[in-house]
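Asker: A single structure is presented below for examination.
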Amino acid sequence: MTKTRVLTGITTTGTPHLGNYVGAIKPAIDASQDPTVQSFYFLADFHALIKCQDPKRVQESRREIAATWLALGLDTDNAIFYRQSDVPEIPELMWLLNCVCAKGLMNRAHAYKGAVAENEESGIDELDRGISMGLFSYPVLMAADILMFNAHKVPVGRDQIQHIEMARDMAGRFNHLFKGNYFTMPEAVTDEKSQLLLGLDGRKMSKSYNNTIPLFGTEKQLLKSVRKIKTNSLEPGEPKDPDTCSLFQIYSAFANEAEVAAMREQYAAGIGWGDAKNELFEYLNAHLKDPRERYVALMEDPAHVEAILKRGAERARDEAAPMMARLRSAVGLGSFL
């Protein structure tokens with residue numbers, strides 16, 4: 001049976017929060033256990049360098065992200081889990097794609113256009129000021145990530161669909177120029193049902209809003225965060241609308257149907273905000289207790305995490321090395337013998 005190849009890049013900046021877990025991590029980990037799918041999960045640490053030039057932060061974030069996914073149950077026997085920077089064939093493929101990618105295609109990339117627009121709005125005459133080649137050409141690196149393993153499907157947010165289309169453009173151009181079926185055309189997969197968790201202030205939970213609840217903070221930190229969640233001024237005993245409440249929305253993302261229904265009844269009966277926050281804290285704390293303990297153990301044992309990632313990189317390179325040998329030959333860079 002030919003397995004469907006699904007590739008997911010994991011951003012390695014910042015500390016994982018509840019919104020990351022509900023919206024991306026849990027669905028991806030569930031998919032990693034599907035025997036009909038060959039999943040590739042990689043720490044996108046080359047991409048991280050575009051926005052972060054703090055080596056300590058980059059290093060620490062990579063450890064935190066790897067430990068998080070492992071603690072939450074990523075199946076590394078079925079899925080291939082690796083660091084992007086451990087597969088040198090990826091930047092090599094990026095160069096081959098750079099040589100067939102039209103500059104005009106990169107000019108249309110959302111991130112680049114957004115940076116140019118920001119300079120223009122600020123009255124800066126030099127519209128490319130502060131824009132690195134990393135930011136300008138990162139869709140090419142993303143294409144290399146995908147095409148190296150001939151991924152069939154790439155789960156992305158709607159803002160990333162353009163990059164999958166660009167990868168298809170580069171793949172088609174390369175196949176045409178070098179007269180072969182070297183690359184599979186990847187398909188963007190967006191989950192319209194994917195839940196966006198609300199943050200402390202009622203907006204989408206996001207690091208950019210500084211309104212997140214860390215996934216593996218201590219019990220004390222978790223309680224402090226939950227108590228900060230914004231509520232209205234309704235008193236205990238007054239019925240409350242669960243569908244406009246961040247507390248209820250976060251609870252619903254973790255609880256089962258019966259538990260959600262019971263909590264909805266408590267809202268109708270006028271549960272006090274203090275009690276609602278206490279119930280949310282207790283539920284989250286119990287839900288996260290075991291993975292939190294695994295996370296702490298993994299953070300204290302970097303050698304174990306390193307061994308898992310190295311093994312994943314070996315599996316990735318088992319596929320990447322022969323692929324690059326074929327591509328080198330295709331463009332005229334093969335061995336003379």
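A note on labels: chains of the structure tokens are A, B, ... as shown, every chain counts residues from 1, and ligands are counted from 1 in their shown order.
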With a distance cut-off of 9 Å and only C-alpha atoms, select the neighbouring residues of Arg129 in chain A, excluding the residue or stretch itself and same-chain residues fewer than 6 positions from it, and output the selection as a list in words.
Answerer: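 The filter keeps Ala115, Val116 and Asn119 of chain A.
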Asker: How would the residues just picked look written out with N, CA, C and O atoms as an mmCIF file, in the first residue's frame?
Answerer:
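Contents of selection-v4.cif, freshly written:
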data_model
loop_
_atom_site.group_PDB
_atom_site.id
_atom_site.type_symbol
_atom_site.label_atom_id
_atom_site.label_comp_id
_atom_site.auth_asym_id
_atom_site.auth_seq_id
_atom_site.Cartn_x
_atom_site.Cartn_y
_atom_site.Cartn_z
ATOM 1 N N ALA A 115 6.114 43.574 4.254
ATOM 2 C CA ALA A 115 7.258 44.332 4.762
ATOM 3 C C ALA A 115 7.480 45.598 3.943
ATOM 4 O O ALA A 115 7.797 46.662 4.492
ATOM 5 N N VAL A 116 7.319 45.500 2.628
ATOM 6 C CA VAL A 116 7.452 46.675 1.758
ATOM 7 C C VAL A 116 6.367 47.699 2.088
ATOM 8 O O VAL A 116 6.633 48.906 2.203
ATOM 9 N N ASN A 119 7.167 49.628 5.212
ATOM 10 C CA ASN A 119 8.160 50.685 4.969
ATOM 11 C C ASN A 119 7.513 51.884 4.279
ATOM 12 O O ASN A 119 7.790 53.044 4.617
#
Asker: Which residues in range 10-241 of chain A does DSSP call strand (DSSP E)? List them as a ChimeraX atom specification.
Answerer: /A:10,37-43,80-83,153-155,187-189
Asker: With N, CA and C atoms retained, write the just-selected residues as an mmCIF file, in the first residue's frame.
Answerer:
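Generated output (out_13.cif):
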data_model
loop_
_atom_site.group_PDB
_atom_site.id
_atom_site.type_symbol
_atom_site.label_atom_id
_atom_site.label_comp_id
_atom_site.auth_asym_id
_atom_site.auth_seq_id
_atom_site.Cartn_x
_atom_site.Cartn_y
_atom_site.Cartn_z
ATOM 1 N N ILE A 10 7.239 22.845 11.904
ATOM 2 C CA ILE A 10 6.932 23.328 13.249
ATOM 3 C C ILE A 10 7.790 24.548 13.541
ATOM 4 N N VAL A 37 -0.661 6.803 6.645
ATOM 5 C CA VAL A 37 0.018 8.068 6.330
ATOM 6 C C VAL A 37 1.486 8.001 6.723
ATOM 7 N N GLN A 38 2.370 8.446 5.838
ATOM 8 C CA GLN A 38 3.770 8.654 6.205
ATOM 9 C C GLN A 38 3.935 10.130 6.534
ATOM 10 N N SER A 39 4.057 10.415 7.803
ATOM 11 C CA SER A 39 4.130 11.801 8.259
ATOM 12 C C SER A 39 5.577 12.243 8.419
ATOM 13 N N PHE A 40 5.832 13.460 7.999
ATOM 14 C CA PHE A 40 7.119 14.113 8.216
ATOM 15 C C PHE A 40 6.859 15.346 9.074
ATOM 16 N N TYR A 41 7.501 15.417 10.237
ATOM 17 C CA TYR A 41 7.391 16.580 11.120
ATOM 18 C C TYR A 41 8.795 17.121 11.342
ATOM 19 N N PHE A 42 8.992 18.387 11.053
ATOM 20 C CA PHE A 42 10.343 18.928 11.222
ATOM 21 C C PHE A 42 10.337 20.252 11.966
ATOM 22 N N LEU A 43 11.378 20.451 12.763
ATOM 23 C CA LEU A 43 11.594 21.723 13.435
ATOM 24 C C LEU A 43 12.168 22.688 12.411
ATOM 25 N N ILE A 80 8.314 10.599 10.876
ATOM 26 C CA ILE A 80 9.730 10.980 10.801
ATOM 27 C C ILE A 80 9.851 12.378 11.385
ATOM 28 N N PHE A 81 10.578 12.499 12.492
ATOM 29 C CA PHE A 81 10.668 13.736 13.278
ATOM 30 C C PHE A 81 12.123 14.185 13.279
ATOM 31 N N TYR A 82 12.388 15.366 12.718
ATOM 32 C CA TYR A 82 13.774 15.787 12.518
ATOM 33 C C TYR A 82 13.898 17.298 12.554
ATOM 34 N N ARG A 83 15.128 17.757 12.720
ATOM 35 C CA ARG A 83 15.423 19.181 12.585
ATOM 36 C C ARG A 83 15.755 19.468 11.127
ATOM 37 N N LYS A 153 0.466 16.060 0.722
ATOM 38 C CA LYS A 153 -0.385 17.020 1.423
ATOM 39 C C LYS A 153 0.434 17.790 2.453
ATOM 40 N N VAL A 154 0.125 19.088 2.580
ATOM 41 C CA VAL A 154 0.806 19.953 3.528
ATOM 42 C C VAL A 154 -0.244 20.732 4.311
ATOM 43 N N PRO A 155 -0.505 20.358 5.569
ATOM 44 C CA PRO A 155 -1.465 21.114 6.381
ATOM 45 C C PRO A 155 -0.927 22.516 6.678
ATOM 46 N N GLU A 187 -0.311 19.412 -2.292
ATOM 47 C CA GLU A 187 -1.643 19.987 -2.117
ATOM 48 C C GLU A 187 -1.744 20.604 -0.720
ATOM 49 N N ALA A 188 -2.201 21.839 -0.669
ATOM 50 C CA ALA A 188 -2.417 22.496 0.625
ATOM 51 C C ALA A 188 -3.672 21.924 1.274
ATOM 52 N N VAL A 189 -3.582 21.658 2.578
ATOM 53 C CA VAL A 189 -4.732 21.161 3.326
ATOM 54 C C VAL A 189 -5.019 22.140 4.451
#
Asker: CA of Ser61 in chain A and CA of Phe46 in chain A are how many Å apart?
Answerer: 12.7 Å
Asker: Which is closer to Glu89 in chain A than all the others in A:Leu337, A:Leu177, A:Arg292, A:Asp145, using only C-alpha atoms?
Answerer: A:Asp145
